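Enquirer: Have a look at the structure that comes next, please.
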Amino acid sequence: MKVLVTGTAGFIGSHVALRLLERGDRVVGFDNLSDYYDVALKKARLARFGNHPNYTHITADLADRAAVERTFAEHEPQRVIHLAAQAGVRYAAENPHVYVSSNVTGFLHVLEGCRHHGVEHLVFASTSSVYGANTKMPFSEHQPTEHPLTLYAATKKANEQMAHAYANLFALPCTGLRFFTVYGPWGRPDMALFLFTKAILAGEPIRVFNHGRHKRSFTYIDDIVEGVVRALDRVPTTNAAWDGNAPDPATSGAGPYRLYNIGSRDSVELMRYIEVLEQCLGRKAQKEMLPLQPGDVPDTEAACDDLAQDIGYSPTVGVEQGVAEFVRWYLEYEGRVRRV
């Protein structure tokens with residue numbers, strides 16, 4: 001089928017697009033190549049597609065309503081995977097308008113494109129950050145998420161609610177995926193694993209927030225991609241058993257709508273994550289211990305029972321294997337960059 005994937009120059013988007021091409025789908029990629037981080041890395045991700053006959057790339061901004069409309073009209077995608085967004089929890093405090101423009105206005109344009117062009121299924125990226133002030137572990141899609149702690153999380157919560165409204169008003173099937181701390185080869189330079197690796201190799205200290213005590217459901221990119229593609233193939237339906245007197249946030253009685261957590265079942269302490277990285281690099285890190293940052297949550301742990309039941313999602317890569325794969329890629333990529 002023909003699939004529009006937004007954010008194909010991004011970390012998750014590039015991996016998802018490659019997987020779809022490998023299985024024979026036609027992919028229309030959409031990305032604005034923003035300079036939030038190194039554009040050369042984004043171009044290197046796109047270069048992995050080569051001149052694949054089933055890949056078409058569009059360089060444009062989701063906030064450009066005309067460009068998004070033109071993309072839907074000209075390419076008529078059957079399904080859409082929306083992964084493009086302004087990422088970075090801390091960056092939102094400095095550049096709030098960018099987040100609303102990209103994550104809210106941009107998502108509205110995607111919803112409108114799906115609505116007016118008969119898209120069969122929209123899969124969109126949400127985040128574990130929507131759980132915000134929740135402390136009951138593991139986080140479940142059936143818990144309310146009314147207390148986001150960052151603007152980034154608030155924009156993603158808004159996406160979930162906007163998608164629900166479109167599922168209700170226009171019978172647009174929507175599936176939201178709440179990603180839990182994704183890592184792996186071709187990852188983002190602003191994320192911990194990339195920053196830690198670069199600093200350790202340079203003999204510089206790493207900043208360890210919350211004194212390394214917090215836990216995360218670190219999830220390897222291949223496990224994420226498997227879940228995204230499987231979710232794409234399963235179009236949600238209206239939940240006939242939904243009860244307005246006891247509303248379930250994960251499903252809906254108003255339209256074809258579903259929310260899922262997608263992440264590793266194992267929650268790993270940050271200090272263990274760093275330990276594994278040190279072993280892979282063969283070097284010890286100099287650690288600058290710092291308090292928990294504003295907006296950060298102490299722990300995340302993903303309950304993924306629903307995704308396992310509905311699409312057979314079963315992550316298989318632990319941090320020992322995943323971090324080793326990242327280090328192998330990083331050394332190879334950085335060596336190539338230096339040679340250039």
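Ordering of the structure tokens sets the chain letters (A, B, ...), residue numbers begin anew at 1 in every chain, and ligands are numbered from 1 in the order given.
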Taking the DSSP assignment computed from this structure's backbone, write out as JSON, numbers by chain all residues of segment 35-161 of chain A that belong to helix (DSSP H, G or I).

Expert: {"A": [39, 40, 41, 42, 43, 44, 45, 46, 47, 65, 66, 67, 68, 69, 70, 71, 72, 73, 74, 75, 90, 91, 92, 93, 96, 97, 98, 99, 100, 101, 102, 103, 104, 105, 106, 107, 108, 109, 110, 111, 112, 113, 114, 115, 116, 128, 129, 130, 131, 151, 152, 153, 154, 155, 156, 157, 158, 159, 160, 161]}

Enquirer: Write the residues of the selection above to a file with C-alpha atoms, as a PDB file, in the first residue's frame.

Expert:
ATOM      1  CA  VAL A  39      21.055  18.462   9.551  1.00  0.00           C
ATOM      2  CA  ALA A  40      23.928  16.364   8.186  1.00  0.00           C
ATOM      3  CA  LEU A  41      22.738  13.456  10.345  1.00  0.00           C
ATOM      4  CA  LYS A  42      19.220  13.848   8.970  1.00  0.00           C
ATOM      5  CA  LYS A  43      20.521  13.842   5.398  1.00  0.00           C
ATOM      6  CA  ALA A  44      22.615  10.762   6.166  1.00  0.00           C
ATOM      7  CA  ARG A  45      19.469   8.972   7.364  1.00  0.00           C
ATOM      8  CA  LEU A  46      17.669   9.880   4.139  1.00  0.00           C
ATOM      9  CA  ALA A  47      20.652   8.676   2.118  1.00  0.00           C
ATOM     10  CA  ARG A  65      -1.059  24.057   5.360  1.00  0.00           C
ATOM     11  CA  ALA A  66      -0.861  24.321   1.565  1.00  0.00           C
ATOM     12  CA  ALA A  67       2.140  21.990   1.379  1.00  0.00           C
ATOM     13  CA  VAL A  68       0.422  19.328   3.481  1.00  0.00           C
ATOM     14  CA  GLU A  69      -2.806  19.600   1.460  1.00  0.00           C
ATOM     15  CA  ARG A  70      -0.846  19.371  -1.795  1.00  0.00           C
ATOM     16  CA  THR A  71       0.927  16.239  -0.557  1.00  0.00           C
ATOM     17  CA  PHE A  72      -2.342  14.468   0.224  1.00  0.00           C
ATOM     18  CA  ALA A  73      -3.955  15.569  -3.055  1.00  0.00           C
ATOM     19  CA  GLU A  74      -1.041  14.573  -5.272  1.00  0.00           C
ATOM     20  CA  HIS A  75       0.000  11.309  -3.602  1.00  0.00           C
ATOM     21  CA  ARG A  90      13.735  20.766  27.905  1.00  0.00           C
ATOM     22  CA  TYR A  91      13.908  22.708  24.625  1.00  0.00           C
ATOM     23  CA  ALA A  92      10.180  23.483  24.934  1.00  0.00           C
ATOM     24  CA  ALA A  93      10.796  25.873  27.827  1.00  0.00           C
ATOM     25  CA  PRO A  96       7.320  27.196  23.137  1.00  0.00           C
ATOM     26  CA  HIS A  97       5.942  28.666  19.902  1.00  0.00           C
ATOM     27  CA  VAL A  98       7.886  26.157  17.805  1.00  0.00           C
ATOM     28  CA  TYR A  99       6.211  23.290  19.669  1.00  0.00           C
ATOM     29  CA  VAL A 100       2.690  24.566  19.136  1.00  0.00           C
ATOM     30  CA  SER A 101       3.352  25.344  15.466  1.00  0.00           C
ATOM     31  CA  SER A 102       4.815  21.915  14.727  1.00  0.00           C
ATOM     32  CA  ASN A 103       3.063  19.616  17.163  1.00  0.00           C
ATOM     33  CA  VAL A 104      -0.423  21.141  17.282  1.00  0.00           C
ATOM     34  CA  THR A 105      -0.957  23.157  14.094  1.00  0.00           C
ATOM     35  CA  GLY A 106       1.052  20.646  12.073  1.00  0.00           C
ATOM     36  CA  PHE A 107      -0.996  17.760  13.446  1.00  0.00           C
ATOM     37  CA  LEU A 108      -4.211  19.578  12.595  1.00  0.00           C
ATOM     38  CA  HIS A 109      -3.062  19.792   8.977  1.00  0.00           C
ATOM     39  CA  VAL A 110      -2.366  16.054   8.962  1.00  0.00           C
ATOM     40  CA  LEU A 111      -5.815  15.309  10.411  1.00  0.00           C
ATOM     41  CA  GLU A 112      -7.453  17.502   7.793  1.00  0.00           C
ATOM     42  CA  GLY A 113      -5.515  15.768   5.033  1.00  0.00           C
ATOM     43  CA  CYS A 114      -6.643  12.374   6.306  1.00  0.00           C
ATOM     44  CA  ARG A 115     -10.227  13.566   6.630  1.00  0.00           C
ATOM     45  CA  HIS A 116     -10.546  15.016   3.150  1.00  0.00           C
ATOM     46  CA  SER A 128       5.159   8.443  27.816  1.00  0.00           C
ATOM     47  CA  SER A 129       5.611  12.066  28.942  1.00  0.00           C
ATOM     48  CA  VAL A 130       1.815  12.476  28.929  1.00  0.00           C
ATOM     49  CA  TYR A 131       1.711  10.505  32.189  1.00  0.00           C
ATOM     50  CA  LEU A 151       4.721  21.830  27.145  1.00  0.00           C
ATOM     51  CA  TYR A 152       6.009  19.009  24.936  1.00  0.00           C
ATOM     52  CA  ALA A 153       3.841  16.531  26.855  1.00  0.00           C
ATOM     53  CA  ALA A 154       0.887  18.917  26.695  1.00  0.00           C
ATOM     54  CA  THR A 155       1.136  19.133  22.891  1.00  0.00           C
ATOM     55  CA  LYS A 156       1.150  15.356  22.637  1.00  0.00           C
ATOM     56  CA  LYS A 157      -1.835  15.103  24.973  1.00  0.00           C
ATOM     57  CA  ALA A 158      -3.549  17.620  22.690  1.00  0.00           C
ATOM     58  CA  ASN A 159      -2.776  15.363  19.704  1.00  0.00           C
ATOM     59  CA  GLU A 160      -4.502  12.451  21.413  1.00  0.00           C
ATOM     60  CA  GLN A 161      -7.609  14.522  22.064  1.00  0.00           C
TER      61      GLN A 161
END

Enquirer: Need the shell around Asp38 of chain A: protein/DNA/RNA residues with any atom at most 12 Å away, counting only C-alpha atoms. Skip same-chain ones fewer than 5 positions apart. Format as a ChimeraX atom specification?

Expert: /A:9-10,33,43-45,186-190

Enquirer: Output the selection as a PDB file, in the first residue's frame - C-alpha atoms for each residue.

Expert:
ATOM      1  CA  ALA A   9      14.647  12.302   8.221  1.00  0.00           C
ATOM      2  CA  GLY A  10      14.120  11.698  11.944  1.00  0.00           C
ATOM      3  CA  LEU A  33      14.936  19.012   7.775  1.00  0.00           C
ATOM      4  CA  LYS A  43      20.521  13.842   5.398  1.00  0.00           C
ATOM      5  CA  ALA A  44      22.615  10.762   6.166  1.00  0.00           C
ATOM      6  CA  ARG A  45      19.469   8.972   7.364  1.00  0.00           C
ATOM      7  CA  TRP A 186      20.855   6.712  14.062  1.00  0.00           C
ATOM      8  CA  GLY A 187      19.465   8.191  17.296  1.00  0.00           C
ATOM      9  CA  ARG A 188      19.053  11.855  18.172  1.00  0.00           C
ATOM     10  CA  PRO A 189      22.178  13.758  19.309  1.00  0.00           C
ATOM     11  CA  ASP A 190      20.236  15.505  22.093  1.00  0.00           C
TER      12      ASP A 190
END

Enquirer: Please identify all polymer residues within 7 Å of segment 274-282 of chain A, counting only C-alpha atoms, omitting same-chain residues fewer than 4 positions from it, and present them as a list in words.

Expert: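 My reading of the contact set: Leu270, Glu320, Val323, Ala324 and Val327 of chain A.
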
Enquirer: Go through A:His117, A:Pro236, A:Asp222, A:Ser217 and flag the residue nearest Pro138 of chain A, using only C-alpha atoms for the distances.

Expert: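 Closest candidate: A:Ser217.
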
Enquirer: Excluding Pro185 of chain A and its own-chain neighbours fewer than 2 positions away, which residues fall within 7 Å of it when counting only C-alpha atoms? Please give them as number ranges by chain.

Expert: A: 187, 325-326, 329

Enquirer: Now that the selection is made, can you save its residues with C-alpha atoms as an mmCIF file, in the first residue's frame?

Expert:
data_model
loop_
_atom_site.group_PDB
_atom_site.id
_atom_site.type_symbol
_atom_site.label_atom_id
_atom_site.label_comp_id
_atom_site.auth_asym_id
_atom_site.auth_seq_id
_atom_site.Cartn_x
_atom_site.Cartn_y
_atom_site.Cartn_z
ATOM 1 C CA GLY A 187 19.465 8.191 17.296
ATOM 2 C CA GLU A 325 24.497 -1.927 18.733
ATOM 3 C CA PHE A 326 24.340 1.828 19.238
ATOM 4 C CA TRP A 329 26.971 2.333 14.837
#

Enquirer: Between atom CA of Asp310 of chain A and atom CA of Ala231 of chain A, what distance in Å does the model show, to one decimal?

Expert: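 It comes out at 8.7 Å.
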
Enquirer: Given only C-alpha atoms as the basis, pick out the residue of A:Glu226, A:Asp296, A:Asp306, A:Glu120 nearest to Ile12 of chain A.

Expert: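 Selected residue with least distance to Ile12 of chain A: A:Glu226.
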
Enquirer: Would you give me, as a list in words, the residues in segment 88-147 of chain A that DSSP reads as strand (DSSP E)?

Expert: His121, Leu122, Val123, Phe124, Ala125, Ser126 and Thr127 of chain A

Enquirer: Might you pull out every residue within 9 Å of Val208 of chain A, with only C-alpha atoms counted and same-chain residues fewer than 4 positions away left off, and present them as a list in words?

Expert: Gly212, Leu270, Met271, Lys287, Glu288, Met289, Leu290, Pro291 and Leu292 of chain A

Enquirer: Pick from A:Thr251, A:Ser267, A:Thr56, A:Asn261: nearest to Asp31 of chain A, with only C-alpha atoms counted?

Expert: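 Once distances to Asp31 of chain A are computed over only C-alpha atoms, the minimum belongs to A:Thr56.
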
Enquirer: Distance atom CA of Val80 of chain A-atom CA of Ser126 of chain A, one decimal place?

Expert: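 These two atoms are separated by 14.5 Å.
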
Enquirer: Go through A:Leu232, A:Leu172, A:Val297, A:Ala63 one by one, measure the shortest atom-to-atom distance of each to Asn32 of chain A using only C-alpha atoms, and give the residue with the smallest value.

Expert: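 Ranking A:Leu232, A:Leu172, A:Val297, A:Ala63 by distance to Asn32 of chain A, first place goes to A:Ala63.
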
Enquirer: Determine the nearest neighbour of Gly24 of chain A from the options A:Arg272, A:His82, A:His52, A:His121, counting only C-alpha atoms.

Expert: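 So, comparing all the options, the nearest one is A:His52.
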
Enquirer: Set the distance at 7 Å and use only C-alpha atoms: which residues neighbour Gly263 of chain A once local chain neighbours fewer than 4 positions away are removed? I'd like the list as a list of chain:residue names.

Expert: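 Counting only the stated atoms, we get A:Phe179, A:Phe180, A:Ser217, A:Thr219, A:Ala302, A:Cys304.
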
Enquirer: Could you take the residues named above and write them with N, CA and C atoms, as a short mmCIF file (atom, residue, chain, number, x, y, z; two decimals), in the first residue's frame?

Expert:
data_model
loop_
_atom_site.label_atom_id
_atom_site.label_comp_id
_atom_site.auth_asym_id
_atom_site.auth_seq_id
_atom_site.Cartn_x
_atom_site.Cartn_y
_atom_site.Cartn_z
N PHE A 179 5.32 6.38 22.99
CA PHE A 179 6.67 5.85 22.97
C PHE A 179 7.36 6.03 24.33
N PHE A 180 8.12 5.01 24.72
CA PHE A 180 8.90 5.06 25.96
C PHE A 180 10.39 5.03 25.63
N SER A 217 11.86 2.88 30.86
CA SER A 217 11.62 1.72 29.99
C SER A 217 12.36 1.98 28.68
N THR A 219 13.75 1.53 25.24
CA THR A 219 13.19 0.66 24.21
C THR A 219 14.00 0.77 22.92
N ALA A 302 6.47 0.89 31.35
CA ALA A 302 5.38 0.72 30.38
C ALA A 302 4.60 -0.57 30.61
N CYS A 304 2.40 -2.84 28.56
CA CYS A 304 2.13 -3.03 27.13
C CYS A 304 1.28 -4.27 26.86
#

Enquirer: Could you tell me how far atom CA of Gly227 of chain A sits from atom CA of Asp305 of chain A, in Å to one decimal place?

Expert: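 Straight-line distance from atom CA of Asp305 of chain A to atom CA of Gly227 of chain A works out to 12.6 Å.
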